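Next comes protein.cif, with mmCIF, C-alpha atoms.
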data_input
#
loop_
_atom_site.label_atom_id
_atom_site.label_comp_id
_atom_site.auth_asym_id
_atom_site.auth_seq_id
_atom_site.Cartn_x
_atom_site.Cartn_y
_atom_site.Cartn_z
CA MET A 1 73.19 86.02 77.78
CA SER A 2 75.65 87.16 75.10
CA ASN A 3 73.26 90.00 74.14
CA LEU A 4 73.15 91.13 77.78
CA ILE A 5 76.96 91.09 78.03
CA ASN A 6 77.25 93.09 74.80
CA TYR A 7 74.71 95.59 76.12
CA ILE A 8 76.70 96.02 79.37
CA SER A 9 79.89 96.48 77.34
CA ARG A 10 78.32 99.25 75.27
CA LYS A 11 76.69 101.04 78.20
CA LEU A 12 79.73 100.95 80.48
CA ASN A 13 82.29 101.18 77.66
CA PHE A 14 84.49 98.23 78.67
CA ASP A 15 85.04 94.61 77.65
CA ALA A 16 82.41 93.00 79.88
CA ASN A 17 82.93 89.58 78.33
CA TYR A 18 86.62 89.56 79.31
CA PHE A 19 86.00 90.73 82.88
CA LEU A 20 82.95 88.53 83.46
CA ARG A 21 84.68 85.47 82.05
CA GLY A 22 87.98 86.09 83.80
CA GLY A 23 86.36 87.46 86.93
CA PHE A 24 84.03 84.48 87.24
CA TRP A 25 86.83 81.93 87.12
CA MET A 26 89.15 83.91 89.36
CA THR A 27 86.39 84.55 91.89
CA LEU A 28 85.51 80.87 91.86
CA GLY A 29 89.15 80.03 92.54
CA GLN A 30 89.32 82.58 95.34
CA PHE A 31 86.13 81.17 96.84
CA PHE A 32 87.77 77.77 97.22
CA THR A 33 90.96 79.41 98.49
CA ILE A 34 88.91 81.14 101.18
CA LEU A 35 86.99 77.95 101.95
CA PHE A 36 90.08 75.76 102.38
CA GLY A 37 92.02 78.53 104.13
CA ILE A 38 89.29 79.12 106.69
CA ALA A 39 88.76 75.39 107.23
CA THR A 40 92.46 74.85 107.89
CA THR A 41 92.71 77.87 110.18
CA SER A 42 89.60 76.80 112.09
CA LEU A 43 91.02 73.34 112.77
CA PHE A 44 94.45 74.66 113.75
CA ALA A 45 92.89 77.26 116.04
CA TYR A 46 90.72 74.59 117.68
CA TYR A 47 93.31 71.86 118.20
CA LEU A 48 96.39 73.97 118.99
CA ASN A 49 96.65 76.22 122.01
CA ALA A 50 97.01 79.94 121.36
CA THR A 51 100.77 80.03 122.01
CA ASP A 52 101.59 77.12 119.68
CA TYR A 53 99.36 78.48 116.95
CA GLY A 54 100.98 81.90 117.33
CA VAL A 55 104.45 80.38 116.90
CA TYR A 56 103.26 78.47 113.80
CA LYS A 57 101.83 81.67 112.25
CA TYR A 58 105.04 83.50 113.08
CA LEU A 59 107.02 80.93 111.08
CA ILE A 60 104.61 81.38 108.16
CA GLY A 61 105.18 85.12 108.43
CA LEU A 62 108.96 84.64 108.38
CA ILE A 63 108.61 82.86 105.03
CA ALA A 64 107.16 86.02 103.48
CA ILE A 65 109.81 88.25 105.09
CA PHE A 66 112.77 86.06 104.08
CA SER A 67 111.35 85.53 100.59
CA SER A 68 111.53 89.30 100.08
CA PHE A 69 115.24 88.79 99.42
CA SER A 70 114.66 87.03 96.10
CA LEU A 71 113.32 87.80 92.62
CA THR A 72 109.79 88.50 93.85
CA GLY A 73 108.99 90.80 90.91
CA LEU A 74 109.26 87.99 88.37
CA GLY A 75 105.56 87.12 88.57
CA GLN A 76 104.46 90.43 87.05
CA SER A 77 106.97 90.05 84.22
CA ILE A 78 105.81 86.50 83.50
CA LEU A 79 102.21 87.69 83.36
CA GLN A 80 102.98 90.60 81.05
CA THR A 81 105.28 88.64 78.70
CA ALA A 82 102.72 85.85 78.45
CA ALA A 83 100.08 88.45 77.56
CA LYS A 84 102.40 89.62 74.77
CA LYS A 85 102.76 85.99 73.55
CA TYR A 86 106.34 85.43 74.73
CA TYR A 87 105.48 82.02 76.12
CA GLY A 88 109.05 80.84 76.76
CA PHE A 89 109.94 83.62 79.22
CA TYR A 90 108.83 81.69 82.33
CA LYS A 91 110.89 78.64 81.47
CA GLU A 92 113.90 80.74 80.52
CA THR A 93 113.93 82.49 83.91
CA LEU A 94 113.69 79.36 86.06
CA THR A 95 117.42 79.01 86.71
CA LEU A 96 117.82 82.75 87.26
CA ASN A 97 115.01 82.71 89.80
CA LEU A 98 116.64 79.85 91.70
CA LEU A 99 119.96 81.71 91.69
CA TYR A 100 118.40 84.88 93.07
CA SER A 101 116.80 82.84 95.85
CA SER A 102 120.25 82.61 97.48
CA GLY A 103 119.24 85.68 99.49
CA ILE A 104 116.56 83.60 101.19
CA VAL A 105 119.14 81.01 102.22
CA ILE A 106 121.53 83.59 103.68
CA ILE A 107 118.83 85.48 105.61
CA SER A 108 117.14 82.29 106.85
CA LEU A 109 120.37 80.74 108.12
CA SER A 110 121.28 84.03 109.80
CA GLY A 111 117.88 83.96 111.49
CA SER A 112 118.46 80.37 112.55
CA ILE A 113 121.76 81.29 114.23
CA TYR A 114 120.10 84.25 115.97
CA TYR A 115 117.29 82.15 117.43
CA TYR A 116 119.69 79.33 118.38
CA VAL A 117 121.88 81.77 120.32
CA ASN A 118 118.73 83.04 122.06
CA ASN A 119 117.71 79.47 123.00
CA ASN A 120 114.65 79.27 120.76
CA ASN A 121 115.16 75.91 119.08
CA ILE A 122 111.75 75.79 117.39
CA LEU A 123 112.29 79.04 115.51
CA SER A 124 115.91 78.11 114.79
CA ILE A 125 114.93 74.81 113.16
CA GLY A 126 112.05 76.53 111.36
CA CYS A 127 114.48 79.00 109.76
CA VAL A 128 116.66 76.12 108.54
CA LEU A 129 113.60 74.54 106.92
CA ILE A 130 112.82 77.83 105.18
CA ALA A 131 116.40 77.99 103.82
CA ILE A 132 116.09 74.47 102.40
CA THR A 133 112.59 74.54 100.93
CA GLN A 134 111.71 78.12 100.01
CA PRO A 135 114.09 78.57 97.04
CA VAL A 136 112.40 75.60 95.34
CA ILE A 137 108.91 76.87 96.17
CA ASN A 138 109.74 80.34 94.84
CA SER A 139 111.06 78.98 91.55
CA PHE A 140 107.88 77.09 90.68
CA GLN A 141 105.21 79.41 92.07
CA TYR A 142 104.38 81.49 88.98
CA THR A 143 102.39 79.06 86.86
CA PRO A 144 99.10 80.85 87.72
CA SER A 145 100.66 84.16 86.57
CA TYR A 146 101.58 82.55 83.25
CA LEU A 147 98.07 81.13 82.73
CA GLN A 148 96.42 84.45 83.63
CA GLY A 149 98.73 86.24 81.22
CA ILE A 150 97.60 84.07 78.30
CA GLY A 151 93.96 84.52 79.33
CA GLN A 152 93.46 80.91 80.48
CA PHE A 153 91.45 81.87 83.55
CA LYS A 154 89.60 78.56 83.72
CA LYS A 155 92.85 76.60 83.80
CA SER A 156 94.33 79.06 86.29
CA THR A 157 91.30 78.63 88.55
CA THR A 158 91.38 74.85 88.28
CA LEU A 159 95.06 74.91 89.20
CA GLN A 160 94.44 77.26 92.11
CA ILE A 161 91.70 75.03 93.51
CA ILE A 162 93.84 71.90 93.19
CA ARG A 163 96.87 73.58 94.77
CA THR A 164 94.87 75.02 97.65
CA ALA A 165 92.99 71.77 98.29
CA PHE A 166 96.17 69.69 98.25
CA ALA A 167 98.13 72.04 100.52
CA SER A 168 95.21 72.25 102.97
CA LEU A 169 94.75 68.49 102.94
CA VAL A 170 98.44 67.95 103.69
CA SER A 171 98.33 70.43 106.59
CA MET A 172 95.11 68.99 108.06
CA THR A 173 96.40 65.42 107.72
CA ALA A 174 99.60 66.40 109.52
CA LEU A 175 97.52 68.03 112.28
CA TYR A 176 95.61 64.76 112.74
CA PHE A 177 98.84 62.89 113.50
CA THR A 178 100.86 65.49 115.40
CA LYS A 179 100.64 68.80 117.24
CA ASN A 180 104.40 69.36 116.94
CA ILE A 181 105.00 72.80 115.39
CA ILE A 182 108.13 71.77 113.47
CA TYR A 183 106.45 68.78 111.83
CA LEU A 184 103.38 70.83 110.96
CA PHE A 185 105.56 73.52 109.42
CA LEU A 186 107.62 70.95 107.48
CA PHE A 187 104.54 69.33 105.97
CA TYR A 188 103.18 72.76 105.05
CA GLN A 189 106.37 73.46 103.08
CA ILE A 190 106.40 70.01 101.46
CA GLY A 191 102.85 70.53 100.26
CA GLN A 192 103.88 73.81 98.63
CA ILE A 193 106.82 72.14 96.85
CA VAL A 194 104.74 69.29 95.45
CA VAL A 195 101.95 71.47 94.04
CA GLY A 196 104.42 74.02 92.65
CA ILE A 197 106.52 71.53 90.68
CA ALA A 198 103.51 69.49 89.54
CA SER A 199 101.64 72.57 88.23
CA TYR A 200 104.74 73.80 86.38
CA LYS A 201 105.27 70.42 84.72
CA TRP A 202 101.61 70.14 83.77
CA TYR A 203 100.82 73.59 82.37
CA VAL A 204 103.98 75.31 81.16
CA PRO A 205 104.80 74.42 77.53
CA LYS A 206 107.89 72.26 77.10
CA GLU A 207 108.68 73.74 73.69
CA SER A 208 108.29 77.42 72.81
CA LYS A 209 110.11 80.11 70.88
CA SER A 210 112.90 81.92 72.64
CA THR A 211 112.08 85.38 73.93
CA PRO A 212 113.84 88.10 71.90
CA HIS A 213 116.98 89.27 73.68
CA ASP A 214 115.83 92.88 74.09
CA ILE A 215 112.41 91.84 75.43
CA TYR A 216 114.03 89.36 77.83
CA ASN A 217 116.42 91.98 79.19
CA LYS A 218 113.66 94.57 79.48
CA TYR A 219 111.45 92.38 81.64
CA ILE A 220 114.30 90.94 83.68
CA SER A 221 115.33 94.51 84.46
CA TYR A 222 111.73 95.28 85.39
CA SER A 223 111.66 92.17 87.61
CA LYS A 224 114.80 93.25 89.43
CA HIS A 225 113.52 96.77 90.03
CA THR A 226 110.18 95.39 91.21
CA SER A 227 111.98 92.95 93.52
CA VAL A 228 114.00 95.74 95.12
CA ARG A 229 110.79 97.69 95.70
CA ASN A 230 109.17 94.57 97.13
CA ILE A 231 111.89 94.14 99.76
CA ILE A 232 110.60 97.25 101.47
CA SER A 233 106.88 96.64 100.93
CA ASN A 234 106.93 92.90 101.74
CA ILE A 235 108.81 93.38 104.98
CA SER A 236 106.54 96.27 105.91
CA SER A 237 103.42 94.24 105.13
CA ARG A 238 104.57 91.50 107.53
CA LEU A 239 105.89 93.84 110.19
CA ASP A 240 102.63 93.54 112.10
CA ILE A 241 103.37 89.85 112.73
CA VAL A 242 106.87 90.55 114.01
CA ILE A 243 105.82 93.44 116.26
CA ILE A 244 102.85 91.58 117.76
CA PHE A 245 104.92 88.43 118.33
CA THR A 246 107.82 90.27 119.97
CA GLN A 247 105.87 92.94 121.85
CA LEU A 248 102.55 91.28 122.72
CA GLY A 249 103.36 87.56 122.55
CA ALA A 250 102.49 84.42 120.56
CA ALA A 251 98.94 84.16 121.97
CA ASP A 252 98.06 87.66 120.78
CA LEU A 253 99.52 86.85 117.37
CA ALA A 254 97.20 83.83 117.21
CA LEU A 255 94.21 86.09 117.99
CA TYR A 256 95.31 88.67 115.41
CA SER A 257 95.84 86.01 112.72
CA ILE A 258 92.39 84.55 113.29
CA ALA A 259 90.74 88.00 113.35
CA THR A 260 92.27 88.95 110.01
CA ILE A 261 92.12 85.60 108.18
CA ILE A 262 88.74 86.19 106.52
CA PRO A 263 89.31 89.89 105.68
CA GLU A 264 92.70 89.00 104.17
CA GLN A 265 91.15 86.23 102.07
CA ILE A 266 88.48 88.64 100.82
CA LYS A 267 91.18 91.18 99.97
CA GLY A 268 92.79 88.45 97.86
CA THR A 269 89.57 88.36 95.85
CA PHE A 270 89.80 92.10 95.28
CA LYS A 271 93.36 91.69 94.01
CA ASN A 272 92.02 89.52 91.21
CA LEU A 273 90.84 92.75 89.61
CA GLY A 274 94.44 93.89 89.33
CA THR A 275 95.34 90.59 87.69
CA LEU A 276 92.58 91.13 85.14
CA LEU A 277 93.50 94.75 84.50
CA LEU A 278 97.24 94.30 84.02
CA PRO A 279 97.16 92.21 80.80
CA LYS A 280 94.55 94.58 79.34
CA TYR A 281 96.52 97.69 80.23
CA SER A 282 99.82 96.12 79.11
CA ASN A 283 98.45 95.58 75.59
CA HIS A 284 96.90 99.05 75.32
CA LYS A 285 98.88 101.42 73.11
CA ASP A 286 97.66 104.74 74.53
CA ILE A 287 98.13 105.12 78.28
CA ASP A 288 96.35 108.50 78.25
CA VAL A 289 93.13 106.84 77.09
CA ILE A 290 93.36 104.46 80.05
CA LYS A 291 93.95 107.33 82.48
CA ARG A 292 90.85 109.18 81.29
CA GLY A 293 88.70 106.19 82.21
CA VAL A 294 90.15 105.84 85.74
CA PRO A 295 87.71 108.18 87.61
CA LYS A 296 84.60 106.43 86.27
CA ARG A 297 85.96 102.94 86.89
CA SER A 298 87.12 103.94 90.37
CA PHE A 299 83.69 105.26 91.35
CA GLN A 300 81.99 102.07 90.14
CA LEU A 301 84.43 99.92 92.09
CA LEU A 302 84.16 102.09 95.21
CA ILE A 303 80.38 101.61 95.40
CA ALA A 304 80.80 97.83 95.12
CA LEU A 305 83.49 97.80 97.83
CA ILE A 306 81.38 99.86 100.25
CA ILE A 307 78.46 97.45 99.83
CA ILE A 308 80.77 94.49 100.48
CA THR A 309 82.12 96.20 103.61
CA ILE A 310 78.64 96.78 105.04
CA LEU A 311 77.57 93.20 104.34
CA TYR A 312 80.72 91.81 105.94
CA ILE A 313 80.28 93.83 109.12
CA ILE A 314 76.70 92.52 109.40
CA ILE A 315 77.47 88.81 108.94
CA SER A 316 80.98 88.48 110.44
CA PRO A 317 79.79 88.04 114.09
CA TYR A 318 77.78 84.97 113.10
CA VAL A 319 80.60 83.51 111.00
CA TYR A 320 83.26 83.95 113.69
CA SER A 321 81.02 82.57 116.44
CA LEU A 322 80.54 79.45 114.36
CA LEU A 323 84.12 78.92 113.12
CA PHE A 324 86.23 80.26 115.98
CA PRO A 325 84.30 79.78 119.22
CA LYS A 326 87.52 79.88 121.29
CA TYR A 327 88.27 83.41 120.07
CA PRO A 328 85.19 85.65 120.60
CA GLU A 329 87.46 88.74 120.79
CA ALA A 330 88.32 88.20 117.12
CA ILE A 331 84.88 89.44 116.00
CA PHE A 332 85.53 93.09 116.78
CA TYR A 333 89.02 93.04 115.28
CA SER A 334 87.72 91.40 112.11
CA MET A 335 85.03 94.05 111.64
CA LEU A 336 87.63 96.77 112.22
CA SER A 337 89.92 95.23 109.60
CA ALA A 338 87.08 95.21 107.05
CA LEU A 339 87.01 99.02 107.09
CA SER A 340 89.99 98.91 104.72
CA PHE A 341 88.01 97.17 101.93
CA PRO A 342 87.10 100.41 100.05
CA SER A 343 90.79 101.31 99.87
CA PHE A 344 91.22 98.60 97.26
CA ILE A 345 90.14 101.03 94.57
CA ALA A 346 93.91 101.62 94.55
CA LEU A 347 94.15 98.52 92.34
CA ILE A 348 93.05 100.63 89.36
CA PRO A 349 95.77 103.33 89.47
CA ILE A 350 98.49 100.87 90.48
CA SER A 351 97.63 98.64 87.51
CA VAL A 352 97.93 101.63 85.17
CA ILE A 353 101.32 102.53 86.64
CA GLN A 354 102.57 98.93 86.47
CA SER A 355 101.50 98.52 82.85
CA SER A 356 103.45 101.64 81.87
CA LEU A 357 106.55 100.27 83.66
CA ASP A 358 106.88 103.58 85.55
CA LYS A 359 109.68 102.44 87.87
CA LYS A 360 110.19 105.77 89.62
CA THR A 361 106.56 106.11 90.69
CA LEU A 362 106.42 102.47 91.79
CA TYR A 363 109.56 102.95 93.89
CA MET A 364 108.14 106.04 95.57
CA THR A 365 104.79 104.32 96.15
CA ASN A 366 106.37 101.36 97.89
CA LEU A 367 108.75 103.55 99.87
CA GLN A 368 106.14 105.91 101.27
CA ASP A 369 103.73 103.06 101.96
CA ALA A 370 106.40 101.10 103.84
CA LEU A 371 107.69 104.11 105.77
CA ILE A 372 104.28 105.34 106.90
CA GLY A 373 103.07 101.81 107.62
CA THR A 374 106.13 100.94 109.71
CA ILE A 375 105.88 104.08 111.85
CA LEU A 376 102.13 103.71 112.41
CA ILE A 377 102.20 99.98 113.15
CA TYR A 378 104.97 100.26 115.70
CA ALA A 379 103.56 103.34 117.42
CA LEU A 380 99.92 102.21 117.52
CA THR A 381 100.67 98.58 118.44
CA ILE A 382 102.78 99.65 121.40
CA SER A 383 100.06 102.08 122.51
CA TYR A 384 96.84 100.20 121.72
CA GLY A 385 97.74 96.55 121.11
CA ILE A 386 95.95 94.63 118.36
CA THR A 387 93.45 97.46 117.87
CA GLY A 388 96.34 99.78 117.09
CA THR A 389 97.88 97.32 114.64
CA ILE A 390 94.68 97.03 112.63
CA LEU A 391 94.02 100.78 112.68
CA ALA A 392 97.57 101.36 111.42
CA ARG A 393 96.94 99.03 108.48
CA VAL A 394 93.62 100.71 107.64
CA ILE A 395 95.05 104.24 107.79
CA THR A 396 98.11 103.29 105.72
CA ARG A 397 95.96 101.84 102.94
CA TYR A 398 93.86 104.99 102.62
CA ILE A 399 96.96 107.19 102.57
CA ASN A 400 98.23 104.97 99.73
CA VAL A 401 94.97 105.50 97.82
CA PHE A 402 95.29 109.29 97.94
CA TYR A 403 98.96 109.12 96.97
CA LEU A 404 98.34 106.90 93.92
CA TYR A 405 95.44 108.94 92.56
CA ASN A 406 97.41 112.13 93.05
CA LYS A 407 100.34 110.67 91.09
CA LEU A 408 98.09 109.46 88.29
CA THR A 409 96.35 112.80 87.78
CA ARG A 410 99.54 114.88 87.58
#
Structure translated into structure tokens:
Amino acid sequence: MSNLINYISRKLNFDANYFLRGGFWMTLGQFFTILFGIATTSLFAYYLNATDYGVYKYLIGLIAIFSSFSLTGLGQSILQTAAKKYYGFYKETLTLNLLYSSGIVIISLSGSIYYYVNNNNILSIGCVLIAITQPVINSFQYTPSYLQGIGQFKKSTTLQIIRTAFASLVSMTALYFTKNIIYLFLFYQIGQIVVGIASYKWYVPKESKSTPHDIYNKYISYSKHTSVRNIISNISSRLDIVIIFTQLGAADLALYSIATIIPEQIKGTFKNLGTLLLPKYSNHKDIDVIKRGVPKRSFQLLIALIIITILYIIISPYVYSLLFPKYPEAIFYSMLSALSFPSFIALIPISVIQSSLDKKTLYMTNLQDALIGTILIYALTISYGITGTILARVITRYINVFYLYNKLTR
């Protein structure tokens, strides 16, 4: 086996051992994430009516939107500093991360007041729960980034499986006892808190050398810039949920969430490639050498993504008929969403740009992506419903691909 891996490395001119080893463990972890995620969604979709499930998914979406107003860029810095052997950086930023989560509290409580005034008590209480729990969740969520940065993909995968299994078990247990949206949402948040704190205590070293002051400031600055960029991109990426909920209704949001659950989980697997590339690129001294290899790597990845897209379109009708019998309309929307899979070749140029800490290009990338995405989602959702929402997402991703490759080749 080792001879075969060495042969592949020589023929394709890349570290096959690193990518096969890391990719295997990360793919295994993503497999269980998909498995538990689909199982939980299937049960919720079966036992809750469409309106209640839509409201529950809307609250989950609000978490991502409100969390945008925190230090969301810290994960990339933790990964890169760990790759450079600054193991104490994560621990040193814990208090700072909690402090910067005050934005979540302010936005969530403002949302709670808004929904209370508009006589929506469920969403009002849900926003209060986000304000209480999410700062803690955010502070302890980056242990997988730390483990991936130090190349401990097996440990990272084990942790991911445990976290996903525990959170899913908590949610499914809560569903067995109650169909109340607030209780279900509360137990979902509690599960996230428990696994976050436990994983941090278990894996992050208690004693480590302090990060040099200049390195610390450099990556904190990078985290802040990344976080500002993420405000735009994170809100834009969840805008589909808000627009569907407010314009089409909770039941349509339930249908949309179910239709996109499997494609989104598969896209999470693709993103593992970016996680593997970033530590490699971060440690490379000559960025021009990396850029010269981008066209070849992109073509290889594109072929793989096209094959995956074709296979998904073939098998998805059978999968959805089995798992979501109450939502036959979801089959078409799921197949439509899968058309965006090849656009994930963008992971290669974005990883190069991130590793070079090119803040200006990253700002412009997020800004144009958010602006185009927002305009398309609103216009197409209003005109064509869920079909328009998915088409807007697909088109936006391909525009982003062309933009990134154009920037990289200049």
So which residues touch segment 189-205 of chain A within 6 Å, counting all atoms listed in the file, skipping near sequence neighbours fewer than 2 positions away, as an mmCIF file with C-alpha atoms, in the coordinates of the input?
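Once written, part.cif looks like this:
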data_model
loop_
_atom_site.group_PDB
_atom_site.id
_atom_site.type_symbol
_atom_site.label_atom_id
_atom_site.label_comp_id
_atom_site.auth_asym_id
_atom_site.auth_seq_id
_atom_site.Cartn_x
_atom_site.Cartn_y
_atom_site.Cartn_z
ATOM 1 C CA ILE A 137 108.910 76.870 96.170
ATOM 2 C CA PHE A 140 107.880 77.090 90.680
ATOM 3 C CA GLN A 141 105.210 79.410 92.070
ATOM 4 C CA THR A 143 102.390 79.060 86.860
ATOM 5 C CA ARG A 163 96.870 73.580 94.770
ATOM 6 C CA ALA A 167 98.130 72.040 100.520
ATOM 7 C CA LEU A 186 107.620 70.950 107.480
ATOM 8 C CA PHE A 187 104.540 69.330 105.970
ATOM 9 C CA GLU A 207 108.680 73.740 73.690
#
Please write the residues picked by the PyMOL selection byres ((chain A and resi 44-55) around 10) on this file as a ChimeraX atom specification.
/A:38-43,56-61,122-123,171-172,175-176,179-182,241,244-245,249-258,323-327
Given the selection you just returned, output its residues as a file containing C-alpha atoms, formatted as a short mmCIF file (atom, residue, chain, number, x, y, z; two decimals), keeping the file's coordinate frame.
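Output below, filename selection_35.cif:
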data_model
loop_
_atom_site.label_atom_id
_atom_site.label_comp_id
_atom_site.auth_asym_id
_atom_site.auth_seq_id
_atom_site.Cartn_x
_atom_site.Cartn_y
_atom_site.Cartn_z
CA ILE A 38 89.29 79.12 106.69
CA ALA A 39 88.76 75.39 107.23
CA THR A 40 92.46 74.85 107.89
CA THR A 41 92.71 77.87 110.18
CA SER A 42 89.60 76.80 112.09
CA LEU A 43 91.02 73.34 112.77
CA TYR A 56 103.26 78.47 113.80
CA LYS A 57 101.83 81.67 112.25
CA TYR A 58 105.04 83.50 113.08
CA LEU A 59 107.02 80.93 111.08
CA ILE A 60 104.61 81.38 108.16
CA GLY A 61 105.18 85.12 108.43
CA ILE A 122 111.75 75.79 117.39
CA LEU A 123 112.29 79.04 115.51
CA SER A 171 98.33 70.43 106.59
CA MET A 172 95.11 68.99 108.06
CA LEU A 175 97.52 68.03 112.28
CA TYR A 176 95.61 64.76 112.74
CA LYS A 179 100.64 68.80 117.24
CA ASN A 180 104.40 69.36 116.94
CA ILE A 181 105.00 72.80 115.39
CA ILE A 182 108.13 71.77 113.47
CA ILE A 241 103.37 89.85 112.73
CA ILE A 244 102.85 91.58 117.76
CA PHE A 245 104.92 88.43 118.33
CA GLY A 249 103.36 87.56 122.55
CA ALA A 250 102.49 84.42 120.56
CA ALA A 251 98.94 84.16 121.97
CA ASP A 252 98.06 87.66 120.78
CA LEU A 253 99.52 86.85 117.37
CA ALA A 254 97.20 83.83 117.21
CA LEU A 255 94.21 86.09 117.99
CA TYR A 256 95.31 88.67 115.41
CA SER A 257 95.84 86.01 112.72
CA ILE A 258 92.39 84.55 113.29
CA LEU A 323 84.12 78.92 113.12
CA PHE A 324 86.23 80.26 115.98
CA PRO A 325 84.30 79.78 119.22
CA LYS A 326 87.52 79.88 121.29
CA TYR A 327 88.27 83.41 120.07
#
Determine, for each residue of segment 318-386 of chain A having at least one atom at most 12 Å from an atom of segment 265-271 of chain A, the closest pair of atoms and their separation in Å to one decimal, counting only C-alpha atoms; order by chain and ascending number, as JSON lines.
{"residue": "A:Ser334", "atom": "CA", "partner": "A:Ile266", "partner_atom": "CA", "distance": 11.6}
{"residue": "A:Ser337", "atom": "CA", "partner": "A:Lys267", "partner_atom": "CA", "distance": 10.5}
{"residue": "A:Ala338", "atom": "CA", "partner": "A:Lys267", "partner_atom": "CA", "distance": 9.1}
{"residue": "A:Leu339", "atom": "CA", "partner": "A:Lys267", "partner_atom": "CA", "distance": 11.4}
{"residue": "A:Ser340", "atom": "CA", "partner": "A:Lys267", "partner_atom": "CA", "distance": 9.2}
{"residue": "A:Phe341", "atom": "CA", "partner": "A:Lys267", "partner_atom": "CA", "distance": 7.1}
{"residue": "A:Pro342", "atom": "CA", "partner": "A:Phe270", "partner_atom": "CA", "distance": 10.0}
{"residue": "A:Ser343", "atom": "CA", "partner": "A:Lys267", "partner_atom": "CA", "distance": 10.1}
{"residue": "A:Phe344", "atom": "CA", "partner": "A:Phe270", "partner_atom": "CA", "distance": 6.9}
{"residue": "A:Ile345", "atom": "CA", "partner": "A:Phe270", "partner_atom": "CA", "distance": 9.0}
{"residue": "A:Ala346", "atom": "CA", "partner": "A:Lys271", "partner_atom": "CA", "distance": 10.0}
{"residue": "A:Leu347", "atom": "CA", "partner": "A:Lys271", "partner_atom": "CA", "distance": 7.1}
{"residue": "A:Ile348", "atom": "CA", "partner": "A:Lys271", "partner_atom": "CA", "distance": 10.1}
{"residue": "A:Ile350", "atom": "CA", "partner": "A:Lys271", "partner_atom": "CA", "distance": 11.1}
{"residue": "A:Ser351", "atom": "CA", "partner": "A:Lys271", "partner_atom": "CA", "distance": 10.4}
Atom CA of Val394 of chain A and atom CA of Ile331 of chain A, how far apart in Å?
16.5 Å
Atom CA of Gln76 of chain A to atom CA of Leu94 of chain A, straight-line distance in Å:
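Separation between atom CA of Leu94 of chain A and atom CA of Gln76 of chain A: 14.4 Å.
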Interatomic distance between atom CA of Thr226 of chain A and atom CA of Leu371 of chain A?
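Distance between the two atoms: 17.2 Å.
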Which polymer residues have any atom within 7 Å of an atom of Ser223 of chain A, counting all atoms listed in the file, with same-chain residues fewer than 5 positions away left out, as a count of residues only?
4
Within 12 Å of (119.4, 95.7, 95.9), in the coordinates the file gives, what residues turn up when you count all atoms listed in the file, written out as a VMD selection string?
chain A and resid 68 to 71 100 103 223 to 232
Check what the PyMOL selection byres ((chain A and resi 402) around 12) selects in the file above and give those residues as a PyMOL selection string.
chain A and resi 343-346+349-350+365+368-369+395-401+403-409
Can you list, as a list in words, every protein, DNA or RNA residue that comes within 8 Å of Ser67 of chain A when you count only C-alpha atoms, leaving out same-chain residues fewer than 2 positions away?
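Here the qualifying residues turn out to be Ile63, Ala64, Ile65, Phe69, Ser70, Thr72, Ser101, Gly103, Ile104, Gln134 and Asn138 of chain A.
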Counting all atoms listed in the file, the residue of A:Thr33, A:Leu129, A:Ala83, A:Met364 that sits nearest Ile162 of chain A
A:Thr33
As a PDB file, in the coordinates of the input, please: segment 83-92 of chain A completed to N, CA and C atoms.
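So part-v9.pdb came out as:
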ATOM      1  N   ALA A  83     101.135  87.687  78.229  1.00  0.00           N
ATOM      2  CA  ALA A  83     100.080  88.450  77.560  1.00  0.00           C
ATOM      3  C   ALA A  83     100.534  88.945  76.187  1.00  0.00           C
ATOM      4  N   LYS A  84     101.832  89.166  76.043  1.00  0.00           N
ATOM      5  CA  LYS A  84     102.400  89.620  74.770  1.00  0.00           C
ATOM      6  C   LYS A  84     102.855  88.444  73.894  1.00  0.00           C
ATOM      7  N   LYS A  85     102.505  87.218  74.315  1.00  0.00           N
ATOM      8  CA  LYS A  85     102.760  85.990  73.550  1.00  0.00           C
ATOM      9  C   LYS A  85     104.227  85.554  73.546  1.00  0.00           C
ATOM     10  N   TYR A  86     104.984  85.959  74.548  1.00  0.00           N
ATOM     11  CA  TYR A  86     106.340  85.430  74.730  1.00  0.00           C
ATOM     12  C   TYR A  86     106.256  84.283  75.735  1.00  0.00           C
ATOM     13  N   TYR A  87     105.839  83.131  75.241  1.00  0.00           N
ATOM     14  CA  TYR A  87     105.480  82.020  76.120  1.00  0.00           C
ATOM     15  C   TYR A  87     106.682  81.328  76.763  1.00  0.00           C
ATOM     16  N   GLY A  88     107.878  81.526  76.222  1.00  0.00           N
ATOM     17  CA  GLY A  88     109.050  80.840  76.760  1.00  0.00           C
ATOM     18  C   GLY A  88     109.722  81.572  77.906  1.00  0.00           C
ATOM     19  N   PHE A  89     109.265  82.782  78.213  1.00  0.00           N
ATOM     20  CA  PHE A  89     109.940  83.620  79.220  1.00  0.00           C
ATOM     21  C   PHE A  89     109.992  82.932  80.582  1.00  0.00           C
ATOM     22  N   TYR A  90     108.889  82.336  81.009  1.00  0.00           N
ATOM     23  CA  TYR A  90     108.830  81.690  82.330  1.00  0.00           C
ATOM     24  C   TYR A  90     109.894  80.597  82.438  1.00  0.00           C
ATOM     25  N   LYS A  91     109.941  79.740  81.444  1.00  0.00           N
ATOM     26  CA  LYS A  91     110.890  78.640  81.470  1.00  0.00           C
ATOM     27  C   LYS A  91     112.330  79.139  81.440  1.00  0.00           C
ATOM     28  N   GLU A  92     112.552  80.195  80.671  1.00  0.00           N
ATOM     29  CA  GLU A  92     113.900  80.740  80.520  1.00  0.00           C
ATOM     30  C   GLU A  92     114.423  81.390  81.805  1.00  0.00           C
TER      31      GLU A  92
END
